[in-house]
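What follows is the content of target-v3.cif (mmCIF, C-alpha atoms).
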```cif
data_entry
#
loop_
_atom_site.label_atom_id
_atom_site.label_comp_id
_atom_site.auth_asym_id
_atom_site.auth_seq_id
_atom_site.Cartn_x
_atom_site.Cartn_y
_atom_site.Cartn_z
CA MET A 1 130.83 -152.06 53.12
CA THR A 2 131.51 -150.18 56.32
CA THR A 3 131.71 -146.46 56.85
CA SER A 4 132.59 -146.50 60.54
CA PHE A 5 135.89 -146.97 62.32
CA PRO A 6 136.91 -150.45 63.41
CA ILE A 7 135.90 -151.12 66.99
CA ALA A 8 139.48 -151.50 68.21
CA ALA A 9 140.56 -148.30 66.52
CA ASP A 10 137.56 -146.43 67.86
CA SER A 11 137.47 -147.92 71.34
CA ASP A 12 138.09 -144.55 72.98
CA ALA A 13 135.69 -142.65 70.73
CA GLY A 14 133.18 -142.32 73.52
CA THR A 15 135.77 -140.72 75.80
CA SER A 16 137.50 -138.57 73.18
CA GLN A 17 135.18 -135.61 73.57
CA SER A 18 135.34 -135.65 77.37
CA VAL A 19 139.12 -135.82 77.28
CA ALA A 20 139.30 -132.99 74.76
CA LYS A 21 137.07 -130.77 76.92
CA VAL A 22 139.70 -130.73 79.65
CA ASN A 23 142.58 -129.11 77.82
CA ASN A 24 145.72 -130.33 79.53
CA LEU A 25 147.86 -129.53 76.46
CA SER A 26 148.20 -125.81 77.12
CA GLY A 27 151.77 -124.99 78.10
CA ARG A 28 153.06 -128.40 76.99
CA ARG A 29 155.81 -128.86 74.37
CA ALA A 30 155.83 -131.00 71.24
CA ALA A 31 158.47 -131.90 68.67
CA VAL A 32 157.49 -133.00 65.15
CA ILE A 33 159.92 -134.78 62.82
CA VAL A 34 159.21 -135.50 59.16
CA PHE A 35 161.30 -136.48 56.15
CA ALA A 36 159.38 -134.07 53.94
CA TYR A 37 158.82 -130.37 53.34
CA TYR A 38 156.78 -128.04 55.48
CA PRO A 39 154.10 -126.74 55.24
CA SER A 40 153.48 -128.50 51.89
CA ASP A 41 152.95 -131.89 53.60
CA VAL A 42 149.34 -131.22 54.56
CA ARG A 43 148.83 -134.08 57.07
CA VAL A 44 151.86 -132.91 59.01
CA MET A 45 150.76 -129.28 58.85
CA ARG A 46 147.23 -130.04 60.07
CA SER A 47 148.40 -131.99 63.12
CA ALA A 48 151.14 -129.51 64.05
CA VAL A 49 148.74 -126.57 63.84
CA ALA A 50 146.13 -128.52 65.84
CA MET A 51 148.63 -128.95 68.67
CA GLN A 52 149.65 -125.29 68.50
CA LYS A 53 146.05 -124.13 68.68
CA GLU A 54 145.58 -126.21 71.83
CA GLY A 55 148.27 -124.11 73.49
CA MET A 56 151.29 -126.33 72.90
CA ALA A 57 154.69 -124.98 71.88
CA VAL A 58 155.51 -126.91 68.69
CA ASP A 59 158.99 -127.30 67.18
CA LEU A 60 159.18 -129.05 63.80
CA PHE A 61 162.24 -130.53 62.06
CA CYS A 62 161.98 -131.17 58.30
CA LEU A 63 163.82 -131.01 54.98
CA GLN A 64 164.77 -127.83 53.16
CA GLN A 65 163.22 -127.85 49.68
CA PHE A 66 164.79 -124.68 48.28
CA SER A 67 168.01 -122.88 49.19
CA THR A 68 165.97 -119.69 49.51
CA GLU A 69 163.93 -121.16 52.38
CA PRO A 70 165.08 -119.98 55.81
CA SER A 71 166.66 -122.62 58.01
CA ARG A 72 164.37 -121.46 60.79
CA GLU A 73 161.05 -119.63 60.72
CA THR A 74 157.68 -119.50 62.47
CA ILE A 75 154.64 -120.57 60.41
CA ASP A 76 151.17 -120.30 62.00
CA GLY A 77 152.74 -120.47 65.44
CA VAL A 78 154.83 -123.58 64.62
CA GLU A 79 158.61 -123.12 64.97
CA VAL A 80 160.08 -124.75 61.84
CA PHE A 81 163.71 -125.95 61.67
CA ARG A 82 164.92 -127.04 58.21
CA PHE A 83 167.78 -129.43 57.50
CA ARG A 84 169.66 -128.73 54.30
CA LEU A 85 168.72 -131.86 52.40
CA LYS A 86 166.43 -132.17 49.38
CA LYS A 87 164.44 -135.34 48.89
CA ARG A 88 165.44 -137.03 45.64
CA ARG A 89 163.63 -139.89 43.98
CA GLY A 90 165.94 -142.68 42.90
CA GLY A 91 167.09 -146.19 43.64
CA LYS A 92 166.96 -148.09 46.91
CA ALA A 93 170.53 -147.10 47.81
CA ALA A 94 169.74 -143.40 47.30
CA TYR A 95 166.72 -143.62 49.62
CA ALA A 96 168.71 -145.53 52.24
CA PHE A 97 171.45 -142.88 52.22
CA GLN A 98 168.99 -139.99 52.54
CA TYR A 99 167.08 -141.74 55.31
CA LEU A 100 170.23 -142.46 57.33
CA VAL A 101 171.53 -138.91 56.99
CA PHE A 102 168.20 -137.48 58.09
CA ILE A 103 167.68 -139.84 61.02
CA LEU A 104 171.12 -138.93 62.38
CA ALA A 105 170.40 -135.22 61.92
CA SER A 106 167.02 -135.67 63.62
CA PHE A 107 168.57 -137.51 66.55
CA VAL A 108 171.12 -134.73 67.07
CA TRP A 109 168.51 -131.97 66.71
CA LEU A 110 165.95 -133.63 68.97
CA SER A 111 168.49 -134.59 71.61
CA ARG A 112 170.00 -131.10 71.73
CA HIS A 113 166.64 -129.34 71.88
CA GLY A 114 165.08 -131.95 74.14
CA ILE A 115 167.73 -131.60 76.82
CA ARG A 116 167.38 -127.81 76.84
CA ARG A 117 163.58 -127.78 76.47
CA TRP A 118 161.99 -131.09 77.38
CA TYR A 119 159.21 -132.29 75.05
CA ASP A 120 156.03 -133.90 76.32
CA ILE A 121 155.29 -135.41 72.90
CA VAL A 122 157.50 -136.34 69.98
CA HIS A 123 155.40 -136.84 66.84
CA ILE A 124 157.25 -138.82 64.14
CA HIS A 125 155.86 -139.10 60.61
CA ASN A 126 156.91 -141.94 58.31
CA MET A 127 158.46 -142.71 55.82
CA PRO A 128 160.83 -144.14 56.96
CA ASP A 129 159.31 -145.99 59.91
CA PHE A 130 162.62 -146.20 61.77
CA LEU A 131 162.78 -142.40 61.95
CA THR A 132 161.03 -143.04 65.27
CA PHE A 133 164.41 -144.11 66.73
CA SER A 134 165.61 -140.52 66.46
CA ALA A 135 163.61 -140.12 69.69
CA LEU A 136 165.75 -142.62 71.64
CA LEU A 137 167.13 -140.06 74.08
CA ALA A 138 163.87 -138.09 74.22
CA LYS A 139 161.94 -141.22 75.21
CA ALA A 140 164.56 -142.11 77.80
CA LEU A 141 163.99 -138.66 79.30
CA GLY A 142 160.22 -139.27 79.49
CA SER A 143 158.79 -137.94 76.20
CA ARG A 144 155.79 -139.76 74.74
CA VAL A 145 156.47 -140.92 71.17
CA VAL A 146 153.70 -140.97 68.55
CA LEU A 147 154.46 -142.70 65.24
CA ASP A 148 152.26 -141.50 62.37
CA LEU A 149 152.25 -144.17 59.65
CA HIS A 150 151.09 -142.26 56.57
CA ASP A 151 151.82 -145.30 54.39
CA PRO A 152 152.94 -148.91 54.90
CA SER A 153 156.60 -148.94 53.81
CA PRO A 154 156.77 -152.61 52.69
CA GLU A 155 153.80 -152.19 50.33
CA VAL A 156 155.15 -148.90 48.96
CA PHE A 157 158.56 -150.43 48.19
CA ARG A 158 156.98 -153.56 46.69
CA THR A 159 154.98 -151.32 44.36
CA VAL A 160 157.73 -148.85 43.42
CA TYR A 161 160.46 -151.46 42.83
CA ASP A 162 158.29 -154.45 41.84
CA LEU A 163 159.65 -156.60 44.65
CA PRO A 164 158.29 -159.97 45.79
CA ALA A 165 156.81 -160.21 49.28
CA ASN A 166 159.63 -162.49 50.46
CA SER A 167 162.53 -160.36 49.21
CA ARG A 168 165.25 -159.50 51.71
CA LEU A 169 164.46 -155.78 51.61
CA ILE A 170 160.75 -156.35 52.28
CA ARG A 171 161.52 -158.70 55.16
CA LEU A 172 163.82 -156.01 56.61
CA LEU A 173 161.16 -153.33 56.22
CA LEU A 174 158.61 -155.55 57.98
CA LEU A 175 161.03 -156.05 60.86
CA LEU A 176 161.73 -152.30 61.07
CA GLU A 177 157.99 -151.62 61.03
CA LYS A 178 157.45 -153.99 63.94
CA TRP A 179 160.34 -152.52 65.96
CA SER A 180 159.24 -148.95 65.23
CA ILE A 181 155.66 -149.62 66.32
CA ALA A 182 156.89 -151.39 69.47
CA PHE A 183 159.09 -148.39 70.32
CA ALA A 184 156.27 -145.85 69.94
CA ASP A 185 153.79 -145.15 72.73
CA ARG A 186 150.93 -144.75 70.23
CA VAL A 187 150.56 -145.23 66.47
CA LEU A 188 148.36 -143.26 64.07
CA THR A 189 147.28 -144.23 60.56
CA PRO A 190 144.76 -142.70 58.12
CA ASN A 191 142.32 -145.44 57.09
CA ILE A 192 140.68 -148.75 57.96
CA ALA A 193 142.73 -150.90 55.56
CA PHE A 194 146.02 -149.58 56.98
CA TRP A 195 144.68 -150.06 60.52
CA LYS A 196 143.89 -153.70 59.80
CA LEU A 197 147.29 -154.22 58.18
CA PHE A 198 149.36 -152.76 61.04
CA SER A 199 147.18 -154.25 63.77
CA GLY A 200 147.38 -157.67 62.17
CA ARG A 201 151.10 -157.95 61.68
CA SER A 202 153.05 -155.47 63.83
CA ALA A 203 151.02 -153.93 66.67
CA SER A 204 149.53 -155.04 69.95
CA PRO A 205 145.71 -154.70 70.16
CA GLY A 206 144.53 -151.14 70.65
CA LYS A 207 147.88 -149.47 69.93
CA VAL A 208 146.93 -148.16 66.49
CA GLU A 209 144.43 -145.31 66.10
CA ILE A 210 142.80 -143.98 62.94
CA VAL A 211 143.06 -140.25 62.34
CA MET A 212 141.88 -139.73 58.80
CA ASN A 213 143.50 -137.60 56.15
CA THR A 214 140.66 -135.25 55.21
CA PRO A 215 140.77 -131.71 53.78
CA LEU A 216 141.07 -128.49 55.72
CA GLU A 217 137.54 -127.12 55.73
CA ASP A 218 138.59 -123.50 55.34
CA VAL A 219 140.48 -124.38 52.12
CA PHE A 220 137.90 -126.89 50.83
CA PRO A 221 134.59 -125.55 52.23
CA PHE A 222 131.56 -127.80 51.86
CA THR A 223 129.76 -126.97 48.61
CA GLU A 224 126.49 -128.36 47.28
CA PRO A 225 126.95 -130.23 43.98
CA GLU A 226 125.97 -128.32 40.88
CA TYR A 227 123.80 -129.81 38.17
CA LEU A 228 125.96 -130.80 35.22
CA ALA A 229 124.14 -129.86 32.04
CA SER A 230 123.31 -132.75 29.73
CA SER A 231 125.57 -133.57 26.78
CA LEU A 232 123.21 -131.76 24.40
CA GLU A 233 122.95 -128.69 26.63
CA ARG A 234 126.71 -128.26 26.89
CA ALA A 235 127.87 -129.45 23.48
CA ASP A 236 129.67 -126.17 22.87
CA LYS A 237 131.14 -125.85 26.38
CA LYS A 238 134.24 -127.19 28.06
CA PHE A 239 134.15 -130.46 29.93
CA VAL A 240 137.26 -130.35 32.12
CA VAL A 241 138.59 -133.55 33.65
CA MET A 242 141.17 -132.96 36.39
CA TYR A 243 144.01 -134.91 37.98
CA HIS A 244 146.11 -133.65 40.90
CA GLY A 245 148.68 -135.47 42.97
CA THR A 246 152.05 -137.13 42.75
CA LEU A 247 153.08 -137.81 39.16
CA VAL A 248 154.32 -141.40 39.31
CA GLU A 249 153.45 -144.45 37.24
CA ARG A 250 151.44 -146.24 39.94
CA HIS A 251 148.94 -143.36 39.89
CA GLY A 252 148.00 -144.27 36.32
CA LEU A 253 148.04 -140.86 34.65
CA HIS A 254 148.88 -142.50 31.30
CA THR A 255 145.68 -144.54 31.57
CA ALA A 256 143.61 -141.37 31.94
CA ILE A 257 145.36 -139.71 28.97
CA GLU A 258 144.65 -142.74 26.77
CA ALA A 259 140.99 -142.56 27.82
CA VAL A 260 140.87 -138.85 26.94
CA ALA A 261 142.31 -139.62 23.50
CA GLN A 262 139.47 -142.05 22.80
CA LEU A 263 136.80 -139.64 24.06
CA ARG A 264 137.82 -136.40 22.37
CA GLU A 265 135.41 -136.99 19.47
CA ARG A 266 132.58 -138.20 21.71
CA ILE A 267 132.78 -135.43 24.32
CA PRO A 268 132.82 -131.96 22.77
CA GLY A 269 134.97 -129.51 24.66
CA LEU A 270 136.88 -132.24 26.52
CA TYR A 271 140.05 -131.04 28.27
CA PHE A 272 142.35 -132.74 30.74
CA HIS A 273 144.11 -130.60 33.40
CA ILE A 274 147.08 -132.01 35.33
CA TYR A 275 148.51 -130.64 38.60
CA GLY A 276 151.61 -131.88 40.40
CA GLU A 277 155.35 -131.50 40.77
CA GLU A 278 157.21 -132.45 37.60
CA THR A 279 158.87 -135.87 37.76
CA ALA A 280 160.85 -138.16 35.46
CA TYR A 281 157.60 -140.03 34.78
CA MET A 282 156.00 -136.80 33.55
CA ARG A 283 158.97 -135.91 31.35
CA GLU A 284 159.79 -139.34 29.99
CA LYS A 285 156.39 -141.02 29.64
CA ILE A 286 153.52 -138.56 29.89
CA ASN A 287 154.82 -135.72 27.70
CA PRO A 288 155.77 -138.09 24.83
CA LEU A 289 152.40 -139.85 25.18
CA ILE A 290 150.53 -136.54 24.89
CA SER A 291 152.43 -135.72 21.70
CA ALA A 292 152.03 -139.22 20.24
CA LEU A 293 148.24 -139.05 20.76
CA SER A 294 148.05 -135.49 19.35
CA LEU A 295 146.59 -134.17 22.59
CA ASN A 296 148.74 -131.07 23.01
CA ASP A 297 145.68 -128.86 22.57
CA ARG A 298 143.55 -130.92 25.00
CA VAL A 299 145.92 -131.78 27.87
CA ILE A 300 147.26 -128.88 29.94
CA TYR A 301 149.92 -129.27 32.64
CA PHE A 302 149.87 -126.62 35.39
CA GLY A 303 152.75 -127.89 37.54
CA GLU A 304 152.80 -127.94 41.33
CA GLN A 305 150.24 -125.64 42.93
CA SER A 306 149.22 -124.57 46.44
CA GLN A 307 146.24 -126.13 48.22
CA ALA A 308 144.27 -122.93 47.62
CA SER A 309 145.01 -123.09 43.88
CA ILE A 310 144.01 -126.75 43.76
CA ALA A 311 140.71 -125.90 45.46
CA SER A 312 140.07 -123.17 42.87
CA ALA A 313 140.84 -125.58 40.04
CA ILE A 314 138.43 -128.19 41.45
CA ARG A 315 135.67 -125.59 41.57
CA GLU A 316 136.17 -124.98 37.84
CA CYS A 317 136.45 -128.60 36.71
CA SER A 318 133.65 -130.93 35.62
CA LEU A 319 135.09 -134.21 36.89
CA GLY A 320 138.04 -135.46 38.94
CA VAL A 321 139.88 -138.72 38.31
CA VAL A 322 142.04 -140.89 40.56
CA PRO A 323 143.28 -143.33 37.89
CA ASN A 324 145.52 -145.43 40.18
CA LEU A 325 146.83 -148.71 38.85
CA ARG A 326 145.95 -151.81 40.90
CA THR A 327 149.00 -152.55 43.07
CA VAL A 328 149.61 -154.04 46.50
CA PHE A 329 149.80 -150.47 47.85
CA THR A 330 146.98 -148.76 45.96
CA GLU A 331 144.64 -151.65 46.85
CA ILE A 332 144.65 -150.47 50.47
CA ASN A 333 145.20 -146.74 50.02
CA LEU A 334 142.48 -144.10 50.48
CA PRO A 335 143.51 -140.98 48.50
CA THR A 336 142.67 -137.69 50.23
CA ARG A 337 141.89 -136.26 46.79
CA ILE A 338 138.57 -138.10 46.87
CA PHE A 339 137.40 -136.00 49.82
CA GLU A 340 138.71 -132.80 48.24
CA TYR A 341 136.47 -133.29 45.19
CA LEU A 342 133.49 -134.29 47.31
CA ALA A 343 133.93 -131.33 49.66
CA LEU A 344 133.58 -128.98 46.71
CA GLY A 345 130.63 -130.86 45.22
CA LYS A 346 132.42 -132.47 42.27
CA PRO A 347 132.18 -136.05 40.99
CA VAL A 348 135.32 -138.18 41.04
CA ILE A 349 136.11 -141.53 39.42
CA VAL A 350 138.21 -143.88 41.57
CA PRO A 351 139.54 -147.46 41.35
CA GLU A 352 137.42 -150.18 42.93
CA THR A 353 139.94 -151.05 45.66
CA GLN A 354 139.46 -152.24 49.23
CA GLY A 355 140.93 -149.11 50.80
CA ILE A 356 138.22 -147.04 49.12
CA LYS A 357 135.40 -149.58 49.43
CA ASP A 358 135.87 -149.57 53.21
CA TYR A 359 134.13 -146.17 53.04
CA PHE A 360 132.23 -146.01 49.74
CA ASP A 361 130.04 -148.18 47.52
CA SER A 362 128.42 -147.78 44.10
CA SER A 363 125.59 -145.68 45.55
CA ASN A 364 127.94 -142.89 46.59
CA MET A 365 131.04 -143.22 44.41
CA LEU A 366 131.97 -143.62 40.74
CA PHE A 367 134.18 -146.70 40.40
CA PHE A 368 136.25 -148.08 37.54
CA THR A 369 137.90 -151.49 37.55
CA GLY A 370 141.46 -150.28 36.93
CA ASP A 371 141.83 -150.50 33.15
CA MET A 372 141.59 -147.83 30.48
CA VAL A 373 138.37 -149.17 28.92
CA SER A 374 136.53 -149.04 32.24
CA LEU A 375 137.83 -145.54 32.99
CA ARG A 376 136.83 -144.30 29.54
CA SER A 377 133.33 -145.75 29.94
CA GLN A 378 132.82 -144.08 33.31
CA MET A 379 134.03 -140.71 32.02
CA GLU A 380 131.56 -140.93 29.15
CA TRP A 381 128.77 -142.03 31.51
CA VAL A 382 129.36 -139.00 33.72
CA PHE A 383 129.09 -136.74 30.69
CA GLU A 384 125.82 -138.33 29.58
CA HIS A 385 124.07 -138.74 32.97
CA PRO A 386 124.28 -135.43 34.84
CA SER A 387 121.26 -135.98 37.09
CA GLU A 388 122.42 -139.40 38.30
CA VAL A 389 125.92 -138.05 38.86
CA GLN A 390 124.57 -135.24 41.02
CA ASP A 391 122.73 -137.79 43.20
CA ILE A 392 125.90 -139.90 43.61
CA VAL A 393 127.92 -136.85 44.66
CA ARG A 394 125.31 -135.95 47.27
CA GLU A 395 125.50 -139.45 48.73
CA GLY A 396 129.30 -139.32 48.68
CA GLN A 397 129.22 -136.05 50.57
CA LYS A 398 127.32 -137.77 53.39
CA VAL A 399 130.30 -140.10 53.84
CA TYR A 400 132.69 -137.15 53.76
CA GLN A 401 130.71 -135.26 56.39
CA ARG A 402 131.17 -138.15 58.82
CA HIS A 403 134.93 -137.65 58.54
CA LEU A 404 135.41 -133.88 58.50
CA TRP A 405 138.82 -132.68 59.65
CA SER A 406 137.14 -130.87 62.56
CA ARG A 407 136.05 -134.31 63.84
CA GLU A 408 139.37 -135.99 63.11
CA ARG A 409 141.12 -133.12 64.87
CA GLU A 410 139.11 -133.84 68.02
CA ARG A 411 140.34 -137.43 67.96
CA LEU A 412 143.93 -136.29 67.52
CA VAL A 413 143.77 -133.73 70.33
CA ALA A 414 142.10 -136.25 72.65
CA LEU A 415 144.82 -138.77 71.94
CA PHE A 416 147.59 -136.27 72.74
CA ALA A 417 145.75 -135.14 75.86
CA GLY A 418 145.50 -138.73 77.04
CA LEU A 419 149.21 -139.30 76.48
CA VAL A 420 150.41 -136.29 78.43
CA SER A 421 148.07 -137.08 81.34
CA LYS A 422 150.04 -140.26 82.05
CA PRO A 423 152.88 -140.06 84.59
CA HIS A 424 156.32 -139.45 83.12
CA ALA A 425 159.78 -138.57 84.22
CA VAL A 426 160.25 -134.86 84.87
CA VAL A 427 163.50 -133.25 83.75
CA ASN A 428 164.39 -129.86 85.16
#
```
The structure in this file should be written as structure tokens.
Amino acid sequence: MTTSFPIAADSDAGTSQSVAKVNNLSGRRAAVIVFAYYPSDVRVMRSAVAMQKEGMAVDLFCLQQFSTEPSRETIDGVEVFRFRLKKRRGGKAAYAFQYLVFILASFVWLSRHGIRRWYDIVHIHNMPDFLTFSALLAKALGSRVVLDLHDPSPEVFRTVYDLPANSRLIRLLLLLEKWSIAFADRVLTPNIAFWKLFSGRSASPGKVEIVMNTPLEDVFPFTEPEYLASSLERADKKFVVMYHGTLVERHGLHTAIEAVAQLRERIPGLYFHIYGEETAYMREKINPLISALSLNDRVIYFGEQSQASIASAIRECSLGVVPNLRTVFTEINLPTRIFEYLALGKPVIVPETQGIKDYFDSSNMLFFTGDMVSLRSQMEWVFEHPSEVQDIVREGQKVYQRHLWSRERERLVALFAGLVSKPHAVVN
């Protein structure tokens, strides 16, 4: 196990602080483009606000989630422009249509604004990867383009649509990934496994940097873990297990509900709280499963909530679960939710995947192997071993503290500062 950045991804770590000390970002301009909503996409929000706080003027182009949202507003100093398009989950054709419409709209918006007010940096967030080509004119005029690869598109599509690695669509996505990375001046990604993946198949050495996806410390302040009373001490109290995140099948919520059904007689006061935007998976699979297992009095769905509300819910829960199924994508993913539970001193059960094991081992994390029986056993073990659980959380918090957002923010700012210090074409 390793808990440090890969050498290639961290090659400028020694110079990051010195670069950040000389703030050459003040007075510069940045454009941010994302096929998502703002400010609900937290990774996008954190980076945009970081640039703004360094003195940059930040314009951001995103989707409009609700018709009541203004098409233009200022949020925490970031000038937000919304395009009237709502992201809809569906088939491959539906995604392709939405992506193409948005990339054209982004190109028009960025070109129009970039000619009037030249941007030093254009920060593009995937998916899709080829959204980076909306910066064609901006780059020709001298803007530096940063591609932020939140997720690897080929692995996501293989997981969502159960596609083989050699399918035509996956081969196309791999080609688009390579072209998009080649077009960008610098590439960001959130964890070691993704860094290895992109560096191995699409990027030249040293082009990809890790900036981790860790919680905002003012929303998730560091909290010492509390002692969980033993099973005998809390026999008449609630034991709340919590899930929050996207409600899709690959995240294995049904596995957790089946485990809860088998534990309701063994764990007095067991409840399962679910947080996330309602999806077809929730309506068509989870709700019927809850009824079929007679868990309507034990499983409570709270819907989509703000980050502040999620933090409050974590403080009140006994245990968090990340019950992801084992897929080609989840094997290399590192869910931010893990750090959110650790920040607030709560235990969390996670799948034993490479993306997570790059940072954690059995001394500082509660693993399950990916099936319901293993998850059920770990949940019961947590209930029966409060002292050991407290020790594991403390060790996990040591890993989290090495990757606080305040540290990741320094890396991000240093990277931007380094980009704008390079010579570029000046447009009057």
Exercise. Between CA of His385 in chain A and CA of Leu263 in chain A, what is the distance, to one decimal in Å?
Worked result: 15.6 Å
Exercise. Closest to Gly91 in chain A among A:Ser180, A:Val160, A:Leu216, A:Glu224, using all atoms listed in the file?
Worked result: A:Val160
For this session: Could you list the residues chosen by the PyMOL selection byres ((chain A and resi 26) around 7) in this structure as a list in words?
Result: Asn23, Asn24, Leu25, Gly27, Arg28, Glu54, Gly55 and Met56 of chain A
Exercise. So what does the PyMOL selection byres ((chain A and resi 350-361) around 10) actually pick up in this one, as a ChimeraX atom specification?
Worked result: /A:1-5,191-194,320-327,329-335,337-338,347-349,362-371,374-375,378,395-396,399-400
Serialized selection, C-alpha atoms, as a CSV table (one decimal), keeping the file's coordinate frame:
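Now in out37.csv:
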```csv
chain,number,residue,atom,x,y,z
A,1,MET,CA,130.8,-152.1,53.1
A,2,THR,CA,131.5,-150.2,56.3
A,3,THR,CA,131.7,-146.5,56.8
A,4,SER,CA,132.6,-146.5,60.5
A,5,PHE,CA,135.9,-147.0,62.3
A,191,ASN,CA,142.3,-145.4,57.1
A,192,ILE,CA,140.7,-148.8,58.0
A,193,ALA,CA,142.7,-150.9,55.6
A,194,PHE,CA,146.0,-149.6,57.0
A,320,GLY,CA,138.0,-135.5,38.9
A,321,VAL,CA,139.9,-138.7,38.3
A,322,VAL,CA,142.0,-140.9,40.6
A,323,PRO,CA,143.3,-143.3,37.9
A,324,ASN,CA,145.5,-145.4,40.2
A,325,LEU,CA,146.8,-148.7,38.8
A,326,ARG,CA,146.0,-151.8,40.9
A,327,THR,CA,149.0,-152.6,43.1
A,329,PHE,CA,149.8,-150.5,47.8
A,330,THR,CA,147.0,-148.8,46.0
A,331,GLU,CA,144.6,-151.6,46.8
A,332,ILE,CA,144.6,-150.5,50.5
A,333,ASN,CA,145.2,-146.7,50.0
A,334,LEU,CA,142.5,-144.1,50.5
A,335,PRO,CA,143.5,-141.0,48.5
A,337,ARG,CA,141.9,-136.3,46.8
A,338,ILE,CA,138.6,-138.1,46.9
A,347,PRO,CA,132.2,-136.0,41.0
A,348,VAL,CA,135.3,-138.2,41.0
A,349,ILE,CA,136.1,-141.5,39.4
A,362,SER,CA,128.4,-147.8,44.1
A,363,SER,CA,125.6,-145.7,45.6
A,364,ASN,CA,127.9,-142.9,46.6
A,365,MET,CA,131.0,-143.2,44.4
A,366,LEU,CA,132.0,-143.6,40.7
A,367,PHE,CA,134.2,-146.7,40.4
A,368,PHE,CA,136.2,-148.1,37.5
A,369,THR,CA,137.9,-151.5,37.6
A,370,GLY,CA,141.5,-150.3,36.9
A,371,ASP,CA,141.8,-150.5,33.2
A,374,SER,CA,136.5,-149.0,32.2
A,375,LEU,CA,137.8,-145.5,33.0
A,378,GLN,CA,132.8,-144.1,33.3
A,395,GLU,CA,125.5,-139.4,48.7
A,396,GLY,CA,129.3,-139.3,48.7
A,399,VAL,CA,130.3,-140.1,53.8
A,400,TYR,CA,132.7,-137.2,53.8
```
Exercise. What do you get, as a ChimeraX atom specification, if you spell out every residue that the PyMOL selection byres ((chain A and resi 261) around 9) selects here?
Worked result: /A:256-260,262-265,290,293-295,298
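Note that CA of Leu247 in chain A and CA of Glu278 in chain A are 6.9 Å apart.
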Seminar exercise, completed: As a check of understanding: the span from CA of Glu69 in chain A to CA of Ser40 in chain A is 12.8 Å
Seminar exercise, completed: Of A:Ile121, A:Leu131, A:Asp148, A:Leu344, the one sitting nearest Ala96 in chain A when using all atoms listed in the file is A:Leu131
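Within 12 Å of Ala203 in chain A, once all atoms listed in the file are used and residues closer than 6 positions along the same chain are dropped, the contacting residues are Ala8, Ala9, Leu147, Leu174, Leu175, Glu177, Lys178, Trp179, Ser180, Ile181, Ala182, Phe183, Ala184, Asp185, Arg186, Val187, Leu188, Phe194, Trp195, Lys196, Leu197 and Glu209 of chain A.
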Please produce a file of those selected residues containing C-alpha atoms, as a compact mmCIF listing (two decimals), in the coordinates of the input.
```
# COMPACT_ATOMS: atom_id res chain seq x y z
CA ALA A 8 139.48 -151.50 68.21
CA ALA A 9 140.56 -148.30 66.52
CA LEU A 147 154.46 -142.70 65.24
CA LEU A 174 158.61 -155.55 57.98
CA LEU A 175 161.03 -156.05 60.86
CA GLU A 177 157.99 -151.62 61.03
CA LYS A 178 157.45 -153.99 63.94
CA TRP A 179 160.34 -152.52 65.96
CA SER A 180 159.24 -148.95 65.23
CA ILE A 181 155.66 -149.62 66.32
CA ALA A 182 156.89 -151.39 69.47
CA PHE A 183 159.09 -148.39 70.32
CA ALA A 184 156.27 -145.85 69.94
CA ASP A 185 153.79 -145.15 72.73
CA ARG A 186 150.93 -144.75 70.23
CA VAL A 187 150.56 -145.23 66.47
CA LEU A 188 148.36 -143.26 64.07
CA PHE A 194 146.02 -149.58 56.98
CA TRP A 195 144.68 -150.06 60.52
CA LYS A 196 143.89 -153.70 59.80
CA LEU A 197 147.29 -154.22 58.18
CA GLU A 209 144.43 -145.31 66.10
```
